[in-house]
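Participant: Next comes the structure file upload-v3.cif, holding mmCIF, C-alpha atoms and all ligand atoms.
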```
data_entry
loop_
_atom_site.group_PDB
_atom_site.id
_atom_site.type_symbol
_atom_site.label_atom_id
_atom_site.label_comp_id
_atom_site.auth_asym_id
_atom_site.auth_seq_id
_atom_site.Cartn_x
_atom_site.Cartn_y
_atom_site.Cartn_z
ATOM 1 C CA MET R 1 103.593 47.195 129.068
ATOM 2 C CA LYS R 2 103.849 49.766 131.845
ATOM 3 C CA PRO R 3 104.272 53.535 131.289
ATOM 4 C CA GLY R 4 107.899 54.605 131.351
ATOM 5 C CA PHE R 5 109.061 51.586 129.337
ATOM 6 C CA SER R 6 110.897 53.733 126.786
ATOM 7 C CA LEU R 7 113.044 55.180 129.594
ATOM 8 C CA MET R 8 113.873 51.757 131.000
ATOM 9 C CA LYS R 9 117.118 51.405 132.931
ATOM 10 C CA HIS R 10 118.857 48.259 134.155
ATOM 11 C CA PHE R 11 121.297 47.984 137.077
ATOM 12 C CA LEU R 12 123.802 45.417 135.815
ATOM 13 C CA GLN R 13 127.015 47.108 136.962
ATOM 14 C CA PHE R 14 127.772 49.994 139.300
ATOM 15 C CA LYS R 15 128.778 52.115 136.308
ATOM 16 C CA ASP R 16 125.230 51.922 134.910
ATOM 17 C CA LEU R 17 124.285 54.962 137.025
ATOM 18 C CA ARG R 18 125.912 58.400 137.367
ATOM 19 C CA ALA R 19 127.135 60.176 140.507
ATOM 20 C CA GLU R 20 124.081 62.423 140.657
ATOM 21 C CA GLU R 21 121.775 59.388 140.401
ATOM 22 C CA TYR R 22 123.623 57.846 143.361
ATOM 23 C CA ALA R 23 123.193 61.071 145.343
ATOM 24 C CA TYR R 24 119.446 60.848 144.605
ATOM 25 C CA LEU R 25 119.291 57.142 145.556
ATOM 26 C CA PHE R 26 121.126 57.675 148.854
ATOM 27 C CA GLU R 27 118.696 60.465 149.798
ATOM 28 C CA ARG R 28 115.687 58.314 148.835
ATOM 29 C CA THR R 29 117.171 55.446 150.876
ATOM 30 C CA ARG R 30 117.421 57.725 153.925
ATOM 31 C CA ILE R 31 113.741 58.721 153.547
ATOM 32 C CA ILE R 32 112.519 55.165 152.890
ATOM 33 C CA LYS R 33 114.535 53.778 155.836
ATOM 34 C CA THR R 34 113.196 56.465 158.192
ATOM 35 C CA ARG R 35 109.613 55.620 157.166
ATOM 36 C CA PHE R 36 110.279 51.915 157.788
ATOM 37 C CA LYS R 37 111.745 52.619 161.243
ATOM 38 C CA ASN R 38 108.661 54.712 162.103
ATOM 39 C CA TYR R 39 106.265 51.938 160.955
ATOM 40 C CA GLU R 40 104.881 54.265 158.261
ATOM 41 C CA ARG R 41 103.222 52.415 155.393
ATOM 42 C CA TYR R 42 104.745 53.287 151.998
ATOM 43 C CA GLN R 43 103.422 51.164 149.143
ATOM 44 C CA PRO R 44 104.179 52.817 145.796
ATOM 45 C CA LEU R 45 104.738 49.416 144.124
ATOM 46 C CA ALA R 46 101.235 47.981 144.746
ATOM 47 C CA ASP R 47 100.356 45.599 141.889
ATOM 48 C CA ARG R 48 103.993 45.380 140.767
ATOM 49 C CA THR R 49 105.789 42.020 140.763
ATOM 50 C CA LEU R 50 109.483 41.247 141.209
ATOM 51 C CA ALA R 51 110.890 37.988 139.824
ATOM 52 C CA MET R 52 114.014 36.820 141.657
ATOM 53 C CA ILE R 53 116.168 34.262 139.857
ATOM 54 C CA PHE R 54 118.865 32.522 141.891
ATOM 55 C CA GLU R 55 121.467 30.300 140.247
ATOM 56 C CA LYS R 56 123.652 30.556 143.400
ATOM 57 C CA ALA R 57 122.796 30.426 147.107
ATOM 58 C CA SER R 58 121.705 33.493 149.082
ATOM 59 C CA THR R 59 120.421 34.622 152.466
ATOM 60 C CA ARG R 60 120.687 38.444 152.484
ATOM 61 C CA THR R 61 119.873 39.091 148.834
ATOM 62 C CA ARG R 62 116.761 36.943 148.927
ATOM 63 C CA VAL R 63 115.406 38.253 152.226
ATOM 64 C CA SER R 64 116.205 41.908 151.506
ATOM 65 C CA PHE R 65 114.593 41.931 148.040
ATOM 66 C CA GLU R 66 111.602 39.848 149.102
ATOM 67 C CA ALA R 67 110.847 41.734 152.324
ATOM 68 C CA GLY R 68 111.526 45.068 150.605
ATOM 69 C CA MET R 69 109.133 44.364 147.726
ATOM 70 C CA TYR R 70 106.339 43.270 150.082
ATOM 71 C CA GLN R 71 106.871 46.375 152.224
ATOM 72 C CA MET R 72 106.435 48.519 149.104
ATOM 73 C CA GLY R 73 103.104 46.832 148.354
ATOM 74 C CA GLY R 74 104.321 44.501 145.598
ATOM 75 C CA SER R 75 104.647 40.753 145.133
ATOM 76 C CA VAL R 76 107.561 38.412 144.551
ATOM 77 C CA VAL R 77 108.162 35.277 142.456
ATOM 78 C CA HIS R 78 111.197 33.207 143.475
ATOM 79 C CA LEU R 79 112.901 30.947 140.900
ATOM 80 C CA THR R 80 116.014 28.805 141.142
ATOM 81 C CA THR R 81 117.924 26.810 138.564
ATOM 82 C CA GLY R 82 116.755 23.576 140.174
ATOM 83 C CA ASP R 83 113.025 24.312 140.177
ATOM 84 C CA SER R 84 112.627 26.024 136.793
ATOM 85 C CA GLN R 85 113.416 25.368 133.134
ATOM 86 C CA LEU R 86 116.554 27.508 133.570
ATOM 87 C CA GLY R 87 118.265 24.368 134.825
ATOM 88 C CA ARG R 88 117.106 22.376 131.791
ATOM 89 C CA ALA R 89 118.894 24.497 129.203
ATOM 90 C CA GLU R 90 116.063 26.797 128.102
ATOM 91 C CA PRO R 91 117.944 29.655 126.401
ATOM 92 C CA VAL R 92 118.335 32.652 128.676
ATOM 93 C CA GLU R 93 116.969 34.868 125.895
ATOM 94 C CA ASP R 94 113.699 32.882 125.836
ATOM 95 C CA SER R 95 113.455 32.940 129.635
ATOM 96 C CA ALA R 96 113.875 36.723 129.538
ATOM 97 C CA ARG R 97 111.202 37.196 126.860
ATOM 98 C CA VAL R 98 108.693 35.106 128.828
ATOM 99 C CA ILE R 99 109.373 36.207 132.411
ATOM 100 C CA SER R 100 109.487 39.899 131.490
ATOM 101 C CA ARG R 101 105.983 39.719 129.936
ATOM 102 C CA MET R 102 104.564 38.708 133.324
ATOM 103 C CA VAL R 103 106.451 40.726 135.918
ATOM 104 C CA ASP R 104 107.555 44.352 136.288
ATOM 105 C CA ILE R 105 111.163 43.948 137.418
ATOM 106 C CA VAL R 106 113.696 41.092 137.621
ATOM 107 C CA MET R 107 116.638 40.429 139.934
ATOM 108 C CA ILE R 108 119.162 37.773 138.894
ATOM 109 C CA ARG R 109 122.034 36.091 140.749
ATOM 110 C CA THR R 110 124.094 34.028 138.342
ATOM 111 C CA TYR R 111 127.598 33.111 137.173
ATOM 112 C CA GLU R 112 128.868 35.021 134.123
ATOM 113 C CA GLN R 113 128.001 38.703 133.749
ATOM 114 C CA SER R 114 127.435 37.957 130.056
ATOM 115 C CA LYS R 115 124.452 35.744 130.963
ATOM 116 C CA LEU R 116 122.864 38.584 132.947
ATOM 117 C CA GLU R 117 123.494 40.936 130.022
ATOM 118 C CA ARG R 118 121.879 38.522 127.558
ATOM 119 C CA PHE R 119 118.829 38.318 129.810
ATOM 120 C CA ALA R 120 118.643 42.117 130.073
ATOM 121 C CA ALA R 121 118.982 42.536 126.302
ATOM 122 C CA HIS R 122 115.806 40.474 125.828
ATOM 123 C CA SER R 123 113.840 41.795 128.802
ATOM 124 C CA ARG R 124 110.928 44.221 128.566
ATOM 125 C CA VAL R 125 111.437 45.275 132.191
ATOM 126 C CA PRO R 126 114.354 46.502 134.338
ATOM 127 C CA VAL R 127 116.915 43.898 135.394
ATOM 128 C CA ILE R 128 119.017 44.131 138.578
ATOM 129 C CA ASN R 129 122.300 42.309 139.193
ATOM 130 C CA GLY R 130 121.950 40.351 142.453
ATOM 131 C CA LEU R 131 125.605 39.135 142.090
ATOM 132 C CA THR R 132 127.602 37.696 139.225
ATOM 133 C CA ASN R 133 131.144 36.340 139.082
ATOM 134 C CA GLU R 134 132.251 39.830 138.032
ATOM 135 C CA TYR R 135 130.124 42.303 140.037
ATOM 136 C CA HIS R 136 127.896 42.786 143.111
ATOM 137 C CA PRO R 137 126.531 46.327 142.702
ATOM 138 C CA CYS R 138 123.613 46.115 145.194
ATOM 139 C CA GLN R 139 126.111 45.256 147.928
ATOM 140 C CA ILE R 140 128.338 48.243 147.181
ATOM 141 C CA LEU R 141 125.254 50.479 147.085
ATOM 142 C CA ALA R 142 124.477 49.298 150.635
ATOM 143 C CA ASP R 143 128.099 49.614 151.761
ATOM 144 C CA ILE R 144 128.431 53.204 150.594
ATOM 145 C CA PHE R 145 125.068 54.165 152.096
ATOM 146 C CA THR R 146 126.297 52.634 155.376
ATOM 147 C CA PHE R 147 129.525 54.643 155.174
ATOM 148 C CA ILE R 148 127.547 57.849 154.566
ATOM 149 C CA GLU R 149 125.250 57.111 157.537
ATOM 150 C CA HIS R 150 128.214 56.674 159.866
ATOM 151 C CA ARG R 151 130.811 59.084 158.488
ATOM 152 C CA GLY R 152 129.250 61.341 155.808
ATOM 153 C CA ASP R 153 130.371 61.759 152.182
ATOM 154 C CA ILE R 154 132.777 59.094 150.875
ATOM 155 C CA LYS R 155 134.320 61.464 148.299
ATOM 156 C CA GLY R 156 138.056 61.922 148.950
ATOM 157 C CA LYS R 157 138.193 59.060 151.455
ATOM 158 C CA VAL R 158 140.381 55.935 151.311
ATOM 159 C CA VAL R 159 138.804 52.469 151.166
ATOM 160 C CA ALA R 160 141.154 49.500 151.764
ATOM 161 C CA TRP R 161 140.303 46.199 150.088
ATOM 162 C CA VAL R 162 142.142 43.197 151.602
ATOM 163 C CA GLY R 163 141.832 39.810 149.903
ATOM 164 C CA ASP R 164 140.472 38.414 146.671
ATOM 165 C CA GLY R 165 140.269 40.558 143.515
ATOM 166 C CA ASN R 166 136.691 39.334 143.108
ATOM 167 C CA ASN R 167 133.206 40.618 142.232
ATOM 168 C CA MET R 168 133.179 42.874 145.327
ATOM 169 C CA ALA R 169 136.623 44.342 144.572
ATOM 170 C CA ASN R 170 135.673 44.979 140.940
ATOM 171 C CA THR R 171 132.548 46.806 142.026
ATOM 172 C CA TRP R 172 134.391 48.891 144.633
ATOM 173 C CA LEU R 173 136.693 50.004 141.834
ATOM 174 C CA GLN R 174 133.792 51.110 139.629
ATOM 175 C CA ALA R 175 132.307 52.981 142.591
ATOM 176 C CA ALA R 176 135.622 54.709 143.369
ATOM 177 C CA GLU R 177 135.820 56.034 139.809
ATOM 178 C CA ILE R 178 132.252 57.341 139.869
ATOM 179 C CA LEU R 179 132.078 58.700 143.429
ATOM 180 C CA GLY R 180 135.632 60.057 143.745
ATOM 181 C CA PHE R 181 137.344 58.057 146.481
ATOM 182 C CA GLU R 182 140.622 56.088 146.523
ATOM 183 C CA LEU R 183 140.713 52.301 146.565
ATOM 184 C CA HIS R 184 143.803 50.704 148.155
ATOM 185 C CA VAL R 185 143.927 47.035 147.180
ATOM 186 C CA SER R 186 146.094 44.208 148.456
ATOM 187 C CA THR R 187 145.579 40.716 147.033
ATOM 188 C CA PRO R 188 147.805 37.632 147.003
ATOM 189 C CA SER R 189 149.774 37.182 143.807
ATOM 190 C CA GLY R 190 147.586 35.582 141.139
ATOM 191 C CA TYR R 191 144.349 36.907 142.648
ATOM 192 C CA GLU R 192 144.568 40.538 141.473
ATOM 193 C CA ILE R 193 141.624 42.541 140.144
ATOM 194 C CA ASP R 194 141.135 41.452 136.537
ATOM 195 C CA SER R 195 142.638 44.254 134.448
ATOM 196 C CA LYS R 196 140.596 43.070 131.439
ATOM 197 C CA LEU R 197 137.544 44.574 133.158
ATOM 198 C CA PHE R 198 139.204 48.001 133.473
ATOM 199 C CA GLY R 199 141.881 48.489 130.821
ATOM 200 C CA ALA R 200 144.490 50.992 131.985
ATOM 201 C CA ALA R 201 144.729 51.215 135.794
ATOM 202 C CA PRO R 202 142.379 53.981 136.959
ATOM 203 C CA ALA R 203 143.916 56.879 138.938
ATOM 204 C CA CYS R 204 141.734 56.062 141.981
ATOM 205 C CA LEU R 205 143.345 52.586 142.324
ATOM 206 C CA LYS R 206 146.534 51.954 144.329
ATOM 207 C CA THR R 207 147.816 48.418 144.760
ATOM 208 C CA PHE R 208 149.965 47.107 147.642
ATOM 209 C CA LYS R 209 151.857 43.854 148.164
ATOM 210 C CA SER R 210 151.260 43.979 151.905
ATOM 211 C CA PRO R 211 147.696 44.031 153.290
ATOM 212 C CA ALA R 212 148.877 46.145 156.242
ATOM 213 C CA ALA R 213 150.192 48.812 153.835
ATOM 214 C CA ALA R 214 146.815 48.909 152.068
ATOM 215 C CA CYS R 215 145.093 49.583 155.424
ATOM 216 C CA ASP R 216 147.490 52.386 156.393
ATOM 217 C CA GLY R 217 145.432 55.587 156.788
ATOM 218 C CA ALA R 218 142.215 54.039 155.425
ATOM 219 C CA HIS R 219 138.798 55.376 156.435
ATOM 220 C CA LEU R 220 137.173 52.017 155.696
ATOM 221 C CA VAL R 221 138.717 48.531 155.720
ATOM 222 C CA THR R 222 136.784 45.807 153.952
ATOM 223 C CA THR R 223 137.258 42.207 152.869
ATOM 224 C CA ASP R 224 135.370 39.146 151.650
ATOM 225 C CA VAL R 225 135.628 35.352 151.641
ATOM 226 C CA TRP R 226 138.760 33.771 150.196
ATOM 227 C CA THR R 227 136.657 31.498 147.964
ATOM 228 C CA SER R 228 133.634 32.975 146.212
ATOM 229 C CA MET R 229 130.666 30.948 144.996
ATOM 230 C CA GLY R 230 131.571 29.090 141.817
ATOM 231 C CA PHE R 231 135.284 28.819 142.733
ATOM 232 C CA GLU R 232 134.987 26.004 145.302
ATOM 233 C CA ALA R 233 137.324 23.719 143.328
ATOM 234 C CA GLU R 234 140.160 26.172 144.091
ATOM 235 C CA ASN R 235 139.498 26.160 147.838
ATOM 236 C CA ALA R 236 142.634 24.312 148.979
ATOM 237 C CA ALA R 237 144.960 26.495 146.871
ATOM 238 C CA ARG R 238 143.194 29.621 148.074
ATOM 239 C CA GLN R 239 143.466 28.637 151.767
ATOM 240 C CA ALA R 240 147.240 28.511 151.308
ATOM 241 C CA ALA R 241 147.565 31.649 149.167
ATOM 242 C CA PHE R 242 145.372 33.888 151.361
ATOM 243 C CA ALA R 243 146.764 32.929 154.800
ATOM 244 C CA ASP R 244 148.293 36.405 155.352
ATOM 245 C CA TRP R 245 145.198 38.258 154.075
ATOM 246 C CA CYS R 246 143.242 38.184 157.338
ATOM 247 C CA VAL R 247 142.028 41.570 158.597
ATOM 248 C CA ASP R 248 143.258 41.565 162.182
ATOM 249 C CA PRO R 249 143.457 44.179 164.987
ATOM 250 C CA GLN R 250 147.001 45.187 163.887
ATOM 251 C CA MET R 251 145.736 46.119 160.410
ATOM 252 C CA MET R 252 142.830 48.085 161.928
ATOM 253 C CA GLN R 253 145.381 49.911 164.149
ATOM 254 C CA LEU R 254 147.123 51.210 161.014
ATOM 255 C CA ALA R 255 143.880 52.596 159.589
ATOM 256 C CA GLN R 256 142.372 55.923 160.738
ATOM 257 C CA SER R 257 141.423 55.848 164.422
ATOM 258 C CA ASP R 258 137.724 56.087 163.462
ATOM 259 C CA ALA R 259 137.981 53.664 160.522
ATOM 260 C CA LEU R 260 135.013 51.393 159.883
ATOM 261 C CA PHE R 261 135.161 47.682 159.081
ATOM 262 C CA MET R 262 132.762 46.132 156.541
ATOM 263 C CA HIS R 263 132.176 42.648 155.132
ATOM 264 C CA CYS R 264 129.354 41.754 152.745
ATOM 265 C CA LEU R 265 128.823 38.437 154.613
ATOM 266 C CA PRO R 266 128.729 35.504 154.958
ATOM 267 C CA ALA R 267 132.043 35.710 156.881
ATOM 268 C CA HIS R 268 134.558 33.118 158.049
ATOM 269 C CA ARG R 269 136.053 34.259 161.355
ATOM 270 C CA GLY R 270 139.737 33.278 161.557
ATOM 271 C CA GLU R 271 140.110 33.254 157.760
ATOM 272 C CA GLU R 272 139.599 36.610 155.995
ATOM 273 C CA VAL R 273 138.785 38.439 159.256
ATOM 274 C CA ALA R 274 139.660 38.002 162.931
ATOM 275 C CA ALA R 275 136.690 37.583 165.267
ATOM 276 C CA GLU R 276 137.882 40.609 167.323
ATOM 277 C CA VAL R 277 137.526 42.799 164.218
ATOM 278 C CA ILE R 278 134.182 41.655 162.825
ATOM 279 C CA ASP R 279 132.673 41.496 166.315
ATOM 280 C CA GLY R 280 134.507 44.615 167.521
ATOM 281 C CA PRO R 281 133.478 48.281 167.881
ATOM 282 C CA GLN R 282 134.636 49.414 164.420
ATOM 283 C CA SER R 283 132.549 46.811 162.614
ATOM 284 C CA VAL R 284 129.277 47.946 161.003
ATOM 285 C CA VAL R 285 128.469 44.655 159.284
ATOM 286 C CA TRP R 286 124.923 44.333 160.701
ATOM 287 C CA ASP R 287 123.959 47.848 159.569
ATOM 288 C CA GLU R 288 125.545 46.999 156.226
ATOM 289 C CA ALA R 289 123.397 43.861 155.883
ATOM 290 C CA GLU R 290 120.188 45.660 156.908
ATOM 291 C CA ASN R 291 120.890 48.478 154.485
ATOM 292 C CA ARG R 292 120.724 46.042 151.559
ATOM 293 C CA MET R 293 116.955 46.171 151.991
ATOM 294 C CA HIS R 294 116.686 49.948 152.235
ATOM 295 C CA VAL R 295 118.933 50.733 149.236
ATOM 296 C CA GLN R 296 117.216 48.112 147.087
ATOM 297 C CA LYS R 297 113.793 49.573 147.914
ATOM 298 C CA ALA R 298 115.079 52.948 146.695
ATOM 299 C CA LEU R 299 116.604 51.281 143.634
ATOM 300 C CA MET R 300 113.391 49.440 142.678
ATOM 301 C CA GLU R 301 111.374 52.624 143.214
ATOM 302 C CA TYR R 302 113.781 54.507 140.903
ATOM 303 C CA LEU R 303 113.863 51.861 138.173
ATOM 304 C CA LEU R 304 110.065 51.480 138.168
ATOM 305 C CA LEU R 305 108.766 54.972 138.936
ATOM 306 C CA GLY R 306 111.663 57.311 138.122
ATOM 307 C CA ARG R 307 112.293 60.306 140.394
ATOM 308 C CA ILE R 308 109.709 60.982 143.070
ATOM 309 C CA GLY R 309 108.589 64.602 143.560
HETATM 310 N N1 LIG R 401 126.078 39.683 150.863
HETATM 311 C C1 LIG R 401 125.252 38.868 150.172
HETATM 312 O O1 LIG R 401 124.957 39.079 148.982
HETATM 313 O O2 LIG R 401 124.753 37.848 150.909
HETATM 314 P P1 LIG R 401 123.921 36.581 150.383
HETATM 315 O O3 LIG R 401 124.852 35.740 149.571
HETATM 316 O O4 LIG R 401 123.435 35.909 151.632
HETATM 317 O O5 LIG R 401 122.779 37.087 149.535
HETATM 318 N N1 LIG R 402 132.379 37.242 146.709
HETATM 319 C C1 LIG R 402 131.330 36.463 147.334
HETATM 320 C C2 LIG R 402 130.233 37.374 147.789
HETATM 321 C C3 LIG R 402 129.078 36.665 148.474
HETATM 322 C C4 LIG R 402 127.975 37.590 148.837
HETATM 323 C C5 LIG R 402 130.809 35.435 146.336
HETATM 324 O O1 LIG R 402 130.674 35.762 145.151
HETATM 325 O O2 LIG R 402 130.554 34.306 146.747
#
```
Can the structure from this file be put into structure tokens for me?
Facilitator:
Amino acid sequence: MKPGFSLMKHFLQFKDLRAEEYAYLFERTRIIKTRFKNYERYQPLADRTLAMIFEKASTRTRVSFEAGMYQMGGSVVHLTTGDSQLGRAEPVEDSARVISRMVDIVMIRTYEQSKLERFAAHSRVPVINGLTNEYHPCQILADIFTFIEHRGDIKGKVVAWVGDGNNMANTWLQAAEILGFELHVSTPSGYEIDSKLFGAAPACLKTFKSPAAACDGAHLVTTDVWTSMGFEAENAARQAAFADWCVDPQMMQLAQSDALFMHCLPAHRGEEVAAEVIDGPQSVVWDEAENRMHVQKALMEYLLLGRIG
């Protein structure tokens, strides 16, 4: 068992950390990214091992965690449902007890948030949410760092969410409550943010029937696929329901003149976003994807070593 165990923190939802911890993480990310860009070696996680468990597909999450851990001097073990006992009904509690005796930190991408929480409850080491049906906190960490890099503090700004009330939307809402910005949401009827996750509507949330109205005056416009992983059976119904929820140049025109466009990727041009928008001058999607690695390096450093300096 490593020192610091009694102070162990997980990152299962955005609300697991406080505003001042995010301020610290964004500053550490800036320092860690600058070192990386200058080819400066920084290996505070030598001899530490990250286990990555994927029950859904991934490109960015896998590459960013794996490359980031190696850059910090550590090692990585990659598990999927298909190539481990996870796919053969070993209880998640037993998997957590075993895996967490051998590694120092675990990242999991799975279906229900409750499964991630059961793993964390039986883990001896920090657990990070690499996406669940309900939340995607590492992505929002990267998105807000990207906003700060381009435009400064997000406090008091307006973020427009156009599309599905999914794991990304839920996480944006948690971030808005913690970091003090407004979230303007427009979803098709039947695809709203799940109020069971939030109770009474938070003051930072405004909902709009029309996606254009949600974009009006926004400092950041963002969207995601119409059909998230795990919901493929609903694809045909979603294609019909979401037809008007495509971020196009007219919607971007209604936003602030210097508004940014973000998308967690993978994207479907001509569905949730027009090619002219995602490939246009307001789009920062490639910075956003790269920043997954930098924020997660800062996050792993924080969860394993606490505050530096
Ligand atoms: N944005 C994101 O999490 O991408 P992947 O599904 O490729 O990991
Ligand atoms: N909402 C999407 C995000 C993919 C990174 C999904 O869950 O599939």
Participant: Let me know the residues the PyMOL selection byres (((chain R and resi 73) around 10) and not hetatm) catches in the file above, as a ChimeraX atom specification.
Facilitator: /R:41-49,68-72,74-75
Participant: Kindly provide the residues of chain R that approach ligand LIG 401 (chain R) to within 7 Å, each paired with its closest atom pair and their distance in Å to one decimal, based on all atoms listed in the file, listed by chain and increasing number, as CSV.
Facilitator:
```
residue,atom,partner,partner_atom,distance
R:Ala57,CA,R:LIG401,O3,6.2
R:Ser58,CA,R:LIG401,O5,3.8
R:Thr59,CA,R:LIG401,O4,3.4
R:Arg60,CA,R:LIG401,O4,3.8
R:Thr61,CA,R:LIG401,O5,3.6
R:Arg62,CA,R:LIG401,O5,6.1
R:Leu131,CA,R:LIG401,O1,6.9
R:Gln139,CA,R:LIG401,N1,6.3
R:Cys264,CA,R:LIG401,N1,4.3
R:Leu265,CA,R:LIG401,N1,4.8
R:Pro266,CA,R:LIG401,O2,6.1
```
Participant: Calculate how many Å separate CA of Thr223 in chain R from CA of Phe14 in chain R, rounding to one decimal.
Facilitator: 18.3 Å
Participant: Mind dumping a table of every chain R residue within 7 Å of ligand LIG 402 (chain R), with the nearest atom pair and its distance in Å to one decimal, using all atoms listed in the file, sorted by chain and rising number, as CSV?
Facilitator:
```
residue,atom,partner,partner_atom,distance
R:Leu131,CA,R:LIG402,O1,6.8
R:Thr132,CA,R:LIG402,O1,6.9
R:Asn133,CA,R:LIG402,O1,6.1
R:Asn166,CA,R:LIG402,N1,6.0
R:Asn167,CA,R:LIG402,N1,5.7
R:Met168,CA,R:LIG402,N1,5.9
R:Asp224,CA,R:LIG402,N1,6.1
R:Val225,CA,R:LIG402,C1,6.2
R:Thr227,CA,R:LIG402,O2,6.8
R:Ser228,CA,R:LIG402,O2,3.4
R:Met229,CA,R:LIG402,O2,3.8
R:Cys264,CA,R:LIG402,C4,5.9
R:Leu265,CA,R:LIG402,C4,5.9
R:Pro266,CA,R:LIG402,C4,6.5
```
Participant: With C-alpha atoms retained, write the just-selected residues as a JSON list (two decimals), keeping the file's coordinate frame.
Facilitator:
```json
[["chain", "number", "residue", "atom", "x", "y", "z"],
["R", 131, "LEU", "CA", 125.60, 39.14, 142.09],
["R", 132, "THR", "CA", 127.60, 37.70, 139.22],
["R", 133, "ASN", "CA", 131.14, 36.34, 139.08],
["R", 166, "ASN", "CA", 136.69, 39.33, 143.11],
["R", 167, "ASN", "CA", 133.21, 40.62, 142.23],
["R", 168, "MET", "CA", 133.18, 42.87, 145.33],
["R", 224, "ASP", "CA", 135.37, 39.15, 151.65],
["R", 225, "VAL", "CA", 135.63, 35.35, 151.64],
["R", 227, "THR", "CA", 136.66, 31.50, 147.96],
["R", 228, "SER", "CA", 133.63, 32.98, 146.21],
["R", 229, "MET", "CA", 130.67, 30.95, 145.00],
["R", 264, "CYS", "CA", 129.35, 41.75, 152.74],
["R", 265, "LEU", "CA", 128.82, 38.44, 154.61],
["R", 266, "PRO", "CA", 128.73, 35.50, 154.96]]
```
Participant: For range 146-150 of chain R, list every protein, DNA or RNA residue within 12 Å, evaluated using all atoms listed in the file, and leave out those in the same chain fewer than 4 positions away; present the list as a ChimeraX atom specification.
Facilitator: /R:22-23,26-27,29-30,33,139-142,154-155,157-159,219-222,258-264,282-295
Participant: Write out as JSON, numbers by chain which residues come within 12 Å of Tyr135 in chain R when counting only C-alpha atoms, dropping same-chain ones fewer than 2 positions away.
Facilitator: {"R": [11, 12, 13, 14, 15, 16, 108, 109, 110, 111, 112, 113, 114, 116, 128, 129, 130, 131, 132, 133, 137, 138, 139, 140, 141, 165, 166, 167, 168, 169, 170, 171, 172, 173, 174, 175, 193, 194, 197, 228]}
Participant: Please produce a file of those selected residues containing C-alpha atoms, as an mmCIF file, in the coordinates of the input.
Facilitator:
```
data_model
loop_
_atom_site.group_PDB
_atom_site.id
_atom_site.type_symbol
_atom_site.label_atom_id
_atom_site.label_comp_id
_atom_site.auth_asym_id
_atom_site.auth_seq_id
_atom_site.Cartn_x
_atom_site.Cartn_y
_atom_site.Cartn_z
ATOM 1 C CA PHE R 11 121.297 47.984 137.077
ATOM 2 C CA LEU R 12 123.802 45.417 135.815
ATOM 3 C CA GLN R 13 127.015 47.108 136.962
ATOM 4 C CA PHE R 14 127.772 49.994 139.300
ATOM 5 C CA LYS R 15 128.778 52.115 136.308
ATOM 6 C CA ASP R 16 125.230 51.922 134.910
ATOM 7 C CA ILE R 108 119.162 37.773 138.894
ATOM 8 C CA ARG R 109 122.034 36.091 140.749
ATOM 9 C CA THR R 110 124.094 34.028 138.342
ATOM 10 C CA TYR R 111 127.598 33.111 137.173
ATOM 11 C CA GLU R 112 128.868 35.021 134.123
ATOM 12 C CA GLN R 113 128.001 38.703 133.749
ATOM 13 C CA SER R 114 127.435 37.957 130.056
ATOM 14 C CA LEU R 116 122.864 38.584 132.947
ATOM 15 C CA ILE R 128 119.017 44.131 138.578
ATOM 16 C CA ASN R 129 122.300 42.309 139.193
ATOM 17 C CA GLY R 130 121.950 40.351 142.453
ATOM 18 C CA LEU R 131 125.605 39.135 142.090
ATOM 19 C CA THR R 132 127.602 37.696 139.225
ATOM 20 C CA ASN R 133 131.144 36.340 139.082
ATOM 21 C CA PRO R 137 126.531 46.327 142.702
ATOM 22 C CA CYS R 138 123.613 46.115 145.194
ATOM 23 C CA GLN R 139 126.111 45.256 147.928
ATOM 24 C CA ILE R 140 128.338 48.243 147.181
ATOM 25 C CA LEU R 141 125.254 50.479 147.085
ATOM 26 C CA GLY R 165 140.269 40.558 143.515
ATOM 27 C CA ASN R 166 136.691 39.334 143.108
ATOM 28 C CA ASN R 167 133.206 40.618 142.232
ATOM 29 C CA MET R 168 133.179 42.874 145.327
ATOM 30 C CA ALA R 169 136.623 44.342 144.572
ATOM 31 C CA ASN R 170 135.673 44.979 140.940
ATOM 32 C CA THR R 171 132.548 46.806 142.026
ATOM 33 C CA TRP R 172 134.391 48.891 144.633
ATOM 34 C CA LEU R 173 136.693 50.004 141.834
ATOM 35 C CA GLN R 174 133.792 51.110 139.629
ATOM 36 C CA ALA R 175 132.307 52.981 142.591
ATOM 37 C CA ILE R 193 141.624 42.541 140.144
ATOM 38 C CA ASP R 194 141.135 41.452 136.537
ATOM 39 C CA LEU R 197 137.544 44.574 133.158
ATOM 40 C CA SER R 228 133.634 32.975 146.212
#
```
Participant: Once the PyMOL selection byres (((chain R and resi 78-83) around 6) and not hetatm) is applied to the coordinates I shared, what remains selected? I want it as number ranges by chain.
Facilitator: R: 52-55, 77, 84, 86-87
